[in-house]
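Colleague: Below is the file model.txt, with compact mmCIF, C-alpha atoms.
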# COMPACT_ATOMS: atom_id res chain seq x y z
CA MET A 136 -143.28 62.54 -32.61
CA ASN A 137 -141.64 62.52 -29.24
CA LEU A 138 -138.95 65.15 -29.31
CA ILE A 139 -138.34 65.18 -25.59
CA THR A 140 -136.87 61.74 -25.02
CA LYS A 141 -134.80 60.05 -27.64
CA ASP A 142 -134.55 56.54 -26.28
CA PRO A 143 -137.09 55.36 -23.73
CA LYS A 144 -135.10 52.16 -23.20
CA ALA A 145 -132.07 54.19 -22.25
CA GLN A 146 -133.97 55.52 -19.26
CA SER A 147 -134.22 52.14 -17.63
CA ASP A 148 -130.75 52.46 -16.09
CA THR A 149 -131.27 56.01 -14.97
CA ALA A 150 -132.79 57.68 -11.99
CA HIS A 151 -136.45 58.62 -12.07
CA THR A 152 -135.34 62.10 -13.15
CA GLY A 153 -134.60 60.76 -16.65
CA HIS A 154 -130.87 61.49 -16.29
CA PRO A 155 -128.06 59.17 -15.20
CA THR A 156 -127.42 58.69 -11.49
CA PRO A 157 -124.41 60.33 -9.76
CA LEU A 158 -122.78 56.87 -9.73
CA THR A 159 -122.89 56.83 -13.53
CA TYR A 160 -121.28 60.27 -13.59
CA PHE A 161 -118.48 59.01 -11.33
CA LYS A 162 -117.95 55.99 -13.60
CA ILE A 163 -117.73 58.26 -16.65
CA ALA A 164 -115.22 60.49 -14.82
CA LEU A 165 -113.15 57.41 -14.00
CA ILE A 166 -113.15 56.30 -17.64
CA LEU A 167 -112.18 59.84 -18.73
CA SER A 168 -109.29 59.90 -16.25
CA ILE A 169 -108.02 56.47 -17.27
CA THR A 170 -108.30 57.37 -20.97
CA THR A 171 -106.29 60.57 -20.40
CA ALA A 172 -103.64 58.56 -18.52
CA ILE A 173 -103.48 56.07 -21.41
CA GLU A 174 -103.15 58.96 -23.89
CA VAL A 175 -100.19 60.40 -22.02
CA GLY A 176 -98.69 56.90 -21.55
CA VAL A 177 -99.04 56.07 -25.25
CA PHE A 178 -97.36 59.37 -26.08
CA TYR A 179 -94.11 58.11 -24.49
CA ILE A 180 -94.08 54.77 -26.35
CA GLU A 181 -91.56 55.52 -29.08
CA TRP A 182 -91.84 52.29 -31.06
CA LEU A 183 -95.44 53.08 -31.98
CA GLY A 184 -94.16 55.61 -34.52
CA HIS A 185 -96.94 57.02 -36.69
CA GLY A 186 -99.30 54.45 -35.15
CA ILE A 187 -99.70 56.90 -32.30
CA ILE A 188 -101.91 59.15 -34.46
CA PRO A 189 -104.94 56.82 -34.89
CA VAL A 190 -104.60 55.66 -31.26
CA LEU A 191 -104.75 59.22 -29.93
CA VAL A 192 -107.57 60.17 -32.31
CA ILE A 193 -109.66 57.19 -31.13
CA LEU A 194 -109.00 57.89 -27.43
CA SER A 195 -109.76 61.58 -27.88
CA GLY A 196 -112.97 60.72 -29.79
CA LEU A 197 -114.00 58.37 -27.00
CA LYS A 198 -113.61 61.12 -24.39
CA PHE A 199 -115.43 63.62 -26.59
CA GLY A 200 -118.30 61.17 -27.11
CA LEU A 201 -118.64 60.28 -23.42
CA VAL A 202 -118.83 63.92 -22.34
CA ALA A 203 -121.29 64.82 -25.11
CA LEU A 204 -123.55 61.81 -24.58
CA PHE A 205 -123.61 61.56 -20.78
CA TYR A 206 -122.55 64.90 -19.30
CA MET A 207 -124.28 66.99 -21.97
CA HIS A 208 -127.20 64.53 -21.86
CA LEU A 209 -127.42 64.13 -25.64
CA LYS A 210 -128.12 60.42 -25.10
CA TYR A 211 -131.25 61.30 -23.13
CA ASP A 212 -132.39 64.60 -24.64
CA SER A 213 -134.17 65.46 -27.84
CA PRO A 214 -132.47 64.32 -31.06
CA LEU A 215 -132.91 67.85 -32.37
CA PHE A 216 -130.22 69.03 -29.94
CA SER A 217 -127.87 66.36 -31.32
CA TRP A 218 -128.60 67.53 -34.86
CA PHE A 219 -127.73 71.12 -33.96
CA PHE A 220 -124.50 70.15 -32.23
CA PHE A 221 -123.23 67.39 -34.49
CA GLY A 222 -124.37 69.34 -37.56
CA GLY A 223 -122.05 72.19 -36.53
CA LEU A 224 -119.33 69.71 -35.68
CA ALA A 225 -119.65 67.94 -39.05
CA LEU A 226 -119.52 71.27 -40.88
CA ALA A 227 -116.46 72.31 -38.86
CA THR A 228 -114.75 69.00 -39.61
CA SER A 229 -115.53 69.33 -43.35
CA VAL A 230 -114.08 72.84 -43.52
CA PHE A 231 -111.12 71.68 -41.42
CA ILE A 232 -110.33 68.79 -43.79
CA ALA A 233 -110.87 70.99 -46.86
CA VAL A 234 -108.43 73.62 -45.57
CA LEU A 235 -105.83 71.00 -44.65
CA GLY A 236 -106.22 69.38 -48.07
CA LEU A 237 -105.97 72.75 -49.80
CA PHE A 238 -102.72 73.64 -48.09
CA LYS A 239 -101.34 70.12 -48.47
CA PHE A 240 -101.92 69.72 -52.20
CA PHE A 241 -102.25 73.19 -53.71
CA VAL A 242 -99.56 75.27 -52.01
CA ALA A 243 -95.97 75.16 -53.20
CA GLN A 244 -93.72 73.92 -50.41
CA MET B 293 -136.50 64.27 -3.76
CA LEU B 294 -137.60 65.88 -6.95
CA GLU B 295 -139.73 68.90 -6.30
CA ALA B 296 -143.25 68.84 -7.63
CA GLY B 297 -143.12 70.14 -11.17
CA ALA B 298 -139.33 69.95 -11.40
CA ASP B 299 -138.21 69.24 -14.93
CA PRO B 300 -134.88 67.45 -15.22
CA HIS B 301 -134.63 68.41 -18.85
CA GLY B 302 -134.48 72.08 -17.99
CA GLU B 303 -138.01 73.31 -18.53
CA ASN B 304 -138.06 71.59 -21.90
CA SER B 305 -141.74 70.92 -22.25
CA GLU B 306 -142.73 74.21 -23.77
CA HIS B 307 -145.65 75.21 -25.91
CA THR B 308 -143.46 75.79 -28.94
CA THR B 309 -143.53 74.32 -32.43
CA THR B 310 -140.78 71.87 -31.50
CA GLY B 311 -142.00 71.20 -27.98
CA LEU B 312 -138.55 72.24 -26.81
CA ASN B 313 -137.43 75.24 -24.87
CA HIS B 314 -136.13 77.85 -27.30
CA ARG B 315 -133.39 79.05 -24.97
CA LYS B 316 -131.97 75.55 -24.79
CA LEU B 317 -132.30 75.09 -28.54
CA LEU B 318 -130.52 78.40 -29.05
CA MET B 319 -127.72 77.29 -26.73
CA TRP B 320 -127.22 74.13 -28.80
CA ALA B 321 -127.20 76.23 -31.99
CA PHE B 322 -124.57 78.47 -30.39
CA LEU B 323 -122.46 75.46 -29.40
CA GLY B 324 -122.72 74.11 -32.95
CA SER B 325 -121.49 77.45 -34.30
CA ASP B 326 -118.73 77.57 -31.68
CA CYS B 327 -117.57 74.17 -33.00
CA MET B 328 -116.99 75.89 -36.33
CA PHE B 329 -115.17 78.76 -34.60
CA PHE B 330 -112.74 76.43 -32.84
CA GLY B 331 -112.56 74.23 -35.96
CA THR B 332 -111.14 77.15 -37.94
CA LEU B 333 -108.61 77.97 -35.20
CA ILE B 334 -107.45 74.35 -34.90
CA GLY B 335 -107.32 74.07 -38.71
CA THR B 336 -105.22 77.24 -38.93
CA TYR B 337 -102.88 75.90 -36.26
CA LEU B 338 -102.38 72.62 -38.14
CA VAL B 339 -101.96 74.30 -41.51
CA SER B 340 -99.27 76.56 -40.03
CA LYS B 341 -97.53 73.72 -38.24
CA GLY B 342 -93.93 73.30 -39.35
CA ARG B 343 -93.96 76.59 -41.31
CA SER B 344 -92.32 78.78 -38.65
CA LEU B 345 -89.04 80.25 -39.81
CA VAL B 346 -87.56 80.69 -36.32
CA GLY B 347 -87.96 78.94 -32.96
CA PRO B 348 -88.89 78.14 -30.34
CA TYR B 349 -91.15 75.36 -31.56
CA ALA B 350 -93.66 73.14 -29.77
CA VAL B 351 -91.04 70.56 -28.85
CA ASP B 352 -88.96 73.27 -27.12
CA VAL B 353 -91.66 74.70 -24.88
CA PHE B 354 -94.42 72.15 -24.24
CA ASP B 355 -94.43 70.41 -20.87
CA ILE B 356 -96.80 67.45 -21.38
CA PRO B 357 -96.95 66.30 -17.69
CA VAL B 358 -98.04 69.79 -16.56
CA THR B 359 -100.65 70.09 -19.31
CA SER B 360 -101.90 66.57 -18.48
CA VAL B 361 -102.61 67.68 -14.92
CA SER B 362 -104.53 70.76 -16.08
CA THR B 363 -106.47 68.55 -18.53
CA PHE B 364 -107.38 66.21 -15.67
CA VAL B 365 -108.57 69.18 -13.58
CA LEU B 366 -110.84 70.39 -16.39
CA LEU B 367 -112.27 66.88 -16.93
CA MET B 368 -113.06 66.60 -13.22
CA SER B 369 -114.71 70.02 -13.29
CA SER B 370 -117.14 68.63 -15.87
CA MET B 371 -118.04 65.86 -13.44
CA SER B 372 -118.63 68.31 -10.58
CA MET B 373 -120.74 70.47 -12.91
CA VAL B 374 -123.01 67.59 -13.81
CA LEU B 375 -123.26 66.67 -10.12
CA ALA B 376 -124.26 70.26 -9.32
CA TYR B 377 -127.07 70.00 -11.84
CA ALA B 378 -128.09 66.57 -10.53
CA ALA B 379 -128.16 67.89 -6.95
CA LEU B 380 -130.35 70.80 -8.03
CA THR B 381 -132.87 68.59 -9.84
CA ARG B 382 -133.04 66.45 -6.68
CA GLY B 383 -133.89 69.60 -4.74
CA SER B 384 -130.61 69.73 -2.79
CA LEU B 385 -129.62 73.40 -2.94
CA LYS B 386 -126.74 72.82 -0.54
CA GLY B 387 -125.34 70.07 -2.78
CA PHE B 388 -125.75 72.33 -5.79
CA ARG B 389 -123.76 75.12 -4.12
CA ILE B 390 -120.95 72.80 -3.05
CA TRP B 391 -120.56 71.23 -6.48
CA ILE B 392 -120.87 74.45 -8.47
CA ALA B 393 -118.31 76.15 -6.21
CA SER B 394 -116.00 73.15 -6.78
CA THR B 395 -116.49 73.52 -10.53
CA ALA B 396 -115.62 77.22 -10.42
CA ILE B 397 -112.51 76.51 -8.29
CA MET B 398 -111.35 73.83 -10.73
CA GLY B 399 -111.99 76.23 -13.62
CA MET B 400 -109.82 78.84 -11.90
CA THR B 401 -107.15 76.19 -11.27
CA PHE B 402 -107.14 75.36 -14.98
CA LEU B 403 -106.77 79.07 -15.79
CA SER B 404 -103.88 79.34 -13.31
CA PHE B 405 -102.14 76.49 -15.12
CA GLN B 406 -102.67 78.32 -18.39
CA VAL B 407 -101.26 81.58 -17.03
CA PHE B 408 -98.26 79.66 -15.64
CA GLU B 409 -97.76 77.96 -19.00
CA PHE B 410 -97.96 81.21 -20.97
CA TYR B 411 -95.49 82.84 -18.56
CA GLU B 412 -93.06 79.93 -18.94
CA PHE B 413 -93.33 80.05 -22.73
CA ALA B 414 -92.73 83.80 -22.83
CA ASN B 415 -89.64 83.38 -20.64
CA HIS B 416 -88.34 80.23 -22.30
CA GLU B 417 -84.59 79.70 -21.95
CA VAL B 418 -82.36 77.75 -24.26
CA HIS B 419 -80.03 75.81 -21.99
CA PHE B 420 -77.54 73.11 -23.03
CA LYS B 421 -73.96 72.03 -22.46
CA CYS B 422 -71.49 72.40 -25.31
CA SER B 423 -70.59 68.73 -24.80
CA THR B 424 -74.12 67.68 -25.80
CA PRO B 425 -74.12 65.81 -29.14
CA ILE B 426 -75.79 67.82 -31.91
CA SER B 427 -78.22 64.95 -32.55
CA ASP B 428 -79.60 65.41 -29.01
CA LEU B 429 -80.30 69.11 -29.52
CA THR B 430 -83.59 70.39 -30.89
CA GLU B 431 -83.69 72.33 -34.14
CA HIS B 432 -84.07 75.56 -32.19
CA GLU B 433 -81.16 74.76 -29.84
CA ARG B 434 -78.90 74.07 -32.83
CA THR B 435 -79.27 77.70 -33.93
CA PHE B 436 -77.32 78.64 -30.78
CA ILE B 437 -74.49 76.17 -31.39
CA ASP B 438 -72.15 78.98 -32.50
CA LYS B 439 -72.14 80.16 -28.86
CA CYS B 440 -69.91 77.15 -28.18
CA ALA B 441 -67.23 78.35 -30.59
CA GLY B 442 -63.94 78.78 -28.73
CA GLN B 443 -65.44 77.39 -25.49
CA ASP B 444 -64.54 74.16 -23.72
CA ALA B 445 -66.96 71.22 -23.53
CA SER B 446 -68.15 72.04 -20.01
CA HIS B 447 -69.39 75.49 -21.09
CA GLU B 448 -73.16 75.92 -20.83
CA VAL B 449 -75.16 77.99 -23.25
CA GLU B 450 -77.98 79.98 -21.62
CA GLU B 451 -80.02 82.26 -23.79
CA GLN B 452 -83.46 83.66 -23.11
CA HIS B 453 -85.59 83.26 -26.23
CA GLY B 454 -89.25 83.23 -25.31
CA LEU B 455 -92.34 82.39 -27.31
CA THR B 456 -94.92 85.13 -27.74
CA PRO B 457 -97.68 85.64 -30.34
CA ARG B 458 -95.20 87.75 -32.33
CA THR B 459 -92.28 85.31 -32.28
CA ASN B 460 -93.32 83.01 -35.11
CA LEU B 461 -96.28 81.40 -36.85
CA PHE B 462 -96.47 78.66 -34.20
CA GLY B 463 -96.67 81.28 -31.41
CA THR B 464 -99.38 83.24 -33.21
CA THR B 465 -101.66 80.28 -33.93
CA PHE B 466 -101.02 78.60 -30.57
CA PHE B 467 -101.75 81.67 -28.44
CA VAL B 468 -104.82 82.64 -30.47
CA LEU B 469 -106.30 79.14 -30.16
CA THR B 470 -105.53 78.48 -26.49
CA GLY B 471 -106.16 82.14 -25.60
CA PHE B 472 -109.69 81.99 -27.02
CA HIS B 473 -110.29 78.74 -25.14
CA GLY B 474 -109.02 80.38 -21.96
CA ALA B 475 -111.40 83.30 -22.59
CA HIS B 476 -114.26 80.79 -22.87
CA VAL B 477 -113.23 79.19 -19.56
CA THR B 478 -113.00 82.62 -17.91
CA LEU B 479 -116.51 83.48 -19.08
CA GLY B 480 -117.68 80.09 -17.79
CA VAL B 481 -116.17 80.71 -14.34
CA VAL B 482 -117.90 84.11 -14.14
CA TRP B 483 -121.17 82.44 -15.18
CA LEU B 484 -120.83 79.71 -12.53
CA LEU B 485 -120.00 82.17 -9.77
CA SER B 486 -122.98 84.32 -10.82
CA LEU B 487 -125.26 81.28 -10.47
CA LEU B 488 -123.75 80.50 -7.08
CA PHE B 489 -124.46 84.00 -5.78
CA TYR B 490 -127.84 84.02 -7.50
CA SER B 491 -128.78 80.84 -5.61
CA PHE B 492 -128.41 82.72 -2.29
CA ARG B 493 -131.01 85.21 -3.52
CA GLY B 494 -133.49 82.49 -4.33
CA GLY B 495 -133.03 82.69 -8.09
CA VAL B 496 -131.99 79.07 -8.51
CA THR B 497 -134.40 76.32 -7.51
CA ALA B 498 -135.13 72.73 -8.53
CA LYS B 499 -138.07 73.97 -10.54
CA ARG B 500 -136.14 76.78 -12.20
CA ASN B 501 -133.11 74.78 -13.31
CA LEU B 502 -132.80 75.84 -16.95
CA ASP B 503 -130.25 78.58 -16.15
CA VAL B 504 -128.00 75.94 -14.57
CA ASP B 505 -128.63 73.50 -17.42
CA LEU B 506 -127.49 76.08 -19.99
CA ALA B 507 -124.38 76.97 -17.96
CA ALA B 508 -123.60 73.25 -17.65
CA LEU B 509 -123.87 72.75 -21.41
CA TYR B 510 -121.49 75.65 -21.99
CA TRP B 511 -119.05 74.29 -19.40
CA HIS B 512 -119.04 70.79 -20.88
CA PHE B 513 -118.47 72.32 -24.28
CA VAL B 514 -115.26 74.09 -23.19
CA ASP B 515 -114.24 70.71 -21.77
CA VAL B 516 -114.76 68.81 -25.06
CA VAL B 517 -112.94 71.55 -26.98
CA TRP B 518 -109.98 71.13 -24.62
CA ILE B 519 -110.05 67.36 -25.17
CA VAL B 520 -109.44 68.04 -28.87
CA ILE B 521 -106.85 70.79 -28.23
CA PHE B 522 -104.89 68.60 -25.81
CA THR B 523 -104.58 65.82 -28.38
CA VAL B 524 -104.16 67.82 -31.58
CA VAL B 525 -102.09 70.75 -30.32
CA TYR B 526 -100.09 69.33 -27.42
CA LEU B 527 -99.61 65.61 -28.05
CA PHE B 528 -99.42 65.82 -31.85
CA GLY B 529 -97.49 69.11 -31.49
CA VAL B 530 -94.51 67.42 -29.88
CA PHE B 531 -94.76 64.27 -32.00
CA PRO B 532 -92.08 64.35 -34.70
CA GLY B 533 -93.29 63.87 -38.23
CA PHE B 534 -96.89 64.86 -37.71
Would you mind giving the structure from this file in structure tokens?

Modeller:
Amino acid sequence: MNLITKDPKAQSDTAHTGHPTPLTYFKIALILSITTAIEVGVFYIEWLGHGIIPVLVILSGLKFGLVALFYMHLKYDSPLFSWFFFGGLALATSVFIAVLGLFKFFVAQ
Amino acid sequence: MLEAGADPHGENSEHTTTGLNHRKLLMWAFLGSDCMFFGTLIGTYLVSKGRSLVGPYAVDVFDIPVTSVSTFVLLMSSMSMVLAYAALTRGSLKGFRIWIASTAIMGMTFLSFQVFEFYEFANHEVHFKCSTPISDLTEHERTFIDKCAGQDASHEVEEQHGLTPRTNLFGTTFFVLTGFHGAHVTLGVVWLLSLLFYSFRGGVTAKRNLDVDLAALYWHFVDVVWIVIFTVVYLFGVFPGF
């Protein structure tokens, strides 16, 4: 089993080092900047109401994913690293939701 | 050009049971556990949201444009960090030094924003004219409405009522969460500067790039944590009804 490289096809658009080129990093930075600008812009749109919550969660998740996949090289590195990181993240999210649910439904207001 | 024997994956190809470098694996395990650490802090913040008995609240103190700028600075520092690592794996030590110094400077800029923000929160002033309609005042400002009793409409209420970790539940959870993140950034800046100085002593080369790879992972991690904090704490914090 090849634990070193997750997706050989993914390397076709990368430099011979096996990582993205600096141009790709610039493009990711541009997307991150634009996404942040959209987040702040959306924040001031009052008529969105509670619709702002899923929009901001999706934009935030997009930024998180881009940094993790490209800047932290999870897209190109061993899947074991992804398991360690996203395993911790999934556990954190589960505890997070459990605590929120506990305080939402089982604590007298 | 890539130096002979340079490994862009940070000296990954080890003779270990996984075939992966144990230091790098340990770093990922640490980052996974740090996710849980910040998960508990963010969870505590959200659970406590709206349960403070006195102000000021998030809507009174947060300045979204200022925090947006500091968020942008931290995002750009992640780009310069990855470019530092890319320069090193290409064998450009000069490029590595320029980009890692840029990253450290942007990290310090982010910390300066945080210090400024904390100072502003601690010295927060309630300031409104007595002619302001009550519906335009925040919940916290309304608690000072009695200062207008017997005054004419042009009178201005000015009261210093800062936010500290001891002020209310919001202050406690907010400062603990963002303070721990700031501590992570501070540690990251020290780490980056150490690598910069270490590179002048020949300790950082294209072939020996794992130290930089690990520092980069840590730096990107503090960036992704801030991405979550910015949305959940700041943007949702000011949003009414969340």

Colleague: Near chain A, meaning an atom within 6 Å, which residues of chain B appear when counting all atoms listed in the file? Write them as a ChimeraX atom specification.

Modeller: /B:300,320-321,324-325,327-328,331,335,339,509,516

Colleague: I'd like the interatomic distance between CA of Arg315 (chain B) and CA of Tyr490 (chain B), to a tenth of an Å.

Modeller: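 Computing the Euclidean distance for CA of Arg315 (chain B) and CA of Tyr490 (chain B) yields 19.0 Å.
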
Colleague: Any chance you could work out the axis-aligned box around region 464-479 of chain B, listed atoms only, 8 Å on each side, giving centre and edge lengths in Å to one decimal, as lines of an AutoDock Vina configuration file?

Modeller:
center_x = -107.9
center_y = 81.0
center_z = -25.9
size_x = 33.1
size_y = 21.0
size_z = 32.0

Colleague: CA of Val418 (chain B) and CA of Asp444 (chain B) are how many Å apart?

Modeller: 18.2 Å

Colleague: Please provide as a PDB file with C-alpha atoms, keeping the file's coordinate frame all residues within 12 Å of region 434-438 of chain B, with the sequence filter that same-chain residues fewer than 5 positions apart are discarded (counting all atoms listed in the file).

Modeller:
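So part.pdb came out as:
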ATOM      1  CA  LEU B 345     -89.040  80.250 -39.810  1.00  0.00           C
ATOM      2  CA  VAL B 346     -87.560  80.690 -36.320  1.00  0.00           C
ATOM      3  CA  GLY B 347     -87.960  78.940 -32.960  1.00  0.00           C
ATOM      4  CA  PRO B 348     -88.890  78.140 -30.340  1.00  0.00           C
ATOM      5  CA  ASP B 352     -88.960  73.270 -27.120  1.00  0.00           C
ATOM      6  CA  GLU B 417     -84.590  79.700 -21.950  1.00  0.00           C
ATOM      7  CA  VAL B 418     -82.360  77.750 -24.260  1.00  0.00           C
ATOM      8  CA  HIS B 419     -80.030  75.810 -21.990  1.00  0.00           C
ATOM      9  CA  PHE B 420     -77.540  73.110 -23.030  1.00  0.00           C
ATOM     10  CA  LYS B 421     -73.960  72.030 -22.460  1.00  0.00           C
ATOM     11  CA  CYS B 422     -71.490  72.400 -25.310  1.00  0.00           C
ATOM     12  CA  SER B 423     -70.590  68.730 -24.800  1.00  0.00           C
ATOM     13  CA  THR B 424     -74.120  67.680 -25.800  1.00  0.00           C
ATOM     14  CA  PRO B 425     -74.120  65.810 -29.140  1.00  0.00           C
ATOM     15  CA  ILE B 426     -75.790  67.820 -31.910  1.00  0.00           C
ATOM     16  CA  SER B 427     -78.220  64.950 -32.550  1.00  0.00           C
ATOM     17  CA  ASP B 428     -79.600  65.410 -29.010  1.00  0.00           C
ATOM     18  CA  LEU B 429     -80.300  69.110 -29.520  1.00  0.00           C
ATOM     19  CA  GLN B 443     -65.440  77.390 -25.490  1.00  0.00           C
ATOM     20  CA  ALA B 445     -66.960  71.220 -23.530  1.00  0.00           C
ATOM     21  CA  HIS B 447     -69.390  75.490 -21.090  1.00  0.00           C
ATOM     22  CA  GLU B 448     -73.160  75.920 -20.830  1.00  0.00           C
ATOM     23  CA  VAL B 449     -75.160  77.990 -23.250  1.00  0.00           C
ATOM     24  CA  GLU B 450     -77.980  79.980 -21.620  1.00  0.00           C
ATOM     25  CA  GLU B 451     -80.020  82.260 -23.790  1.00  0.00           C
ATOM     26  CA  GLN B 452     -83.460  83.660 -23.110  1.00  0.00           C
ATOM     27  CA  HIS B 453     -85.590  83.260 -26.230  1.00  0.00           C
TER      28      HIS B 453
END

Colleague: Could you tell me how far CA of Ile356 (chain B) sits from CA of Thr401 (chain B), in Å to one decimal place?

Modeller: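 Here the two named atoms are 16.9 Å from each other.
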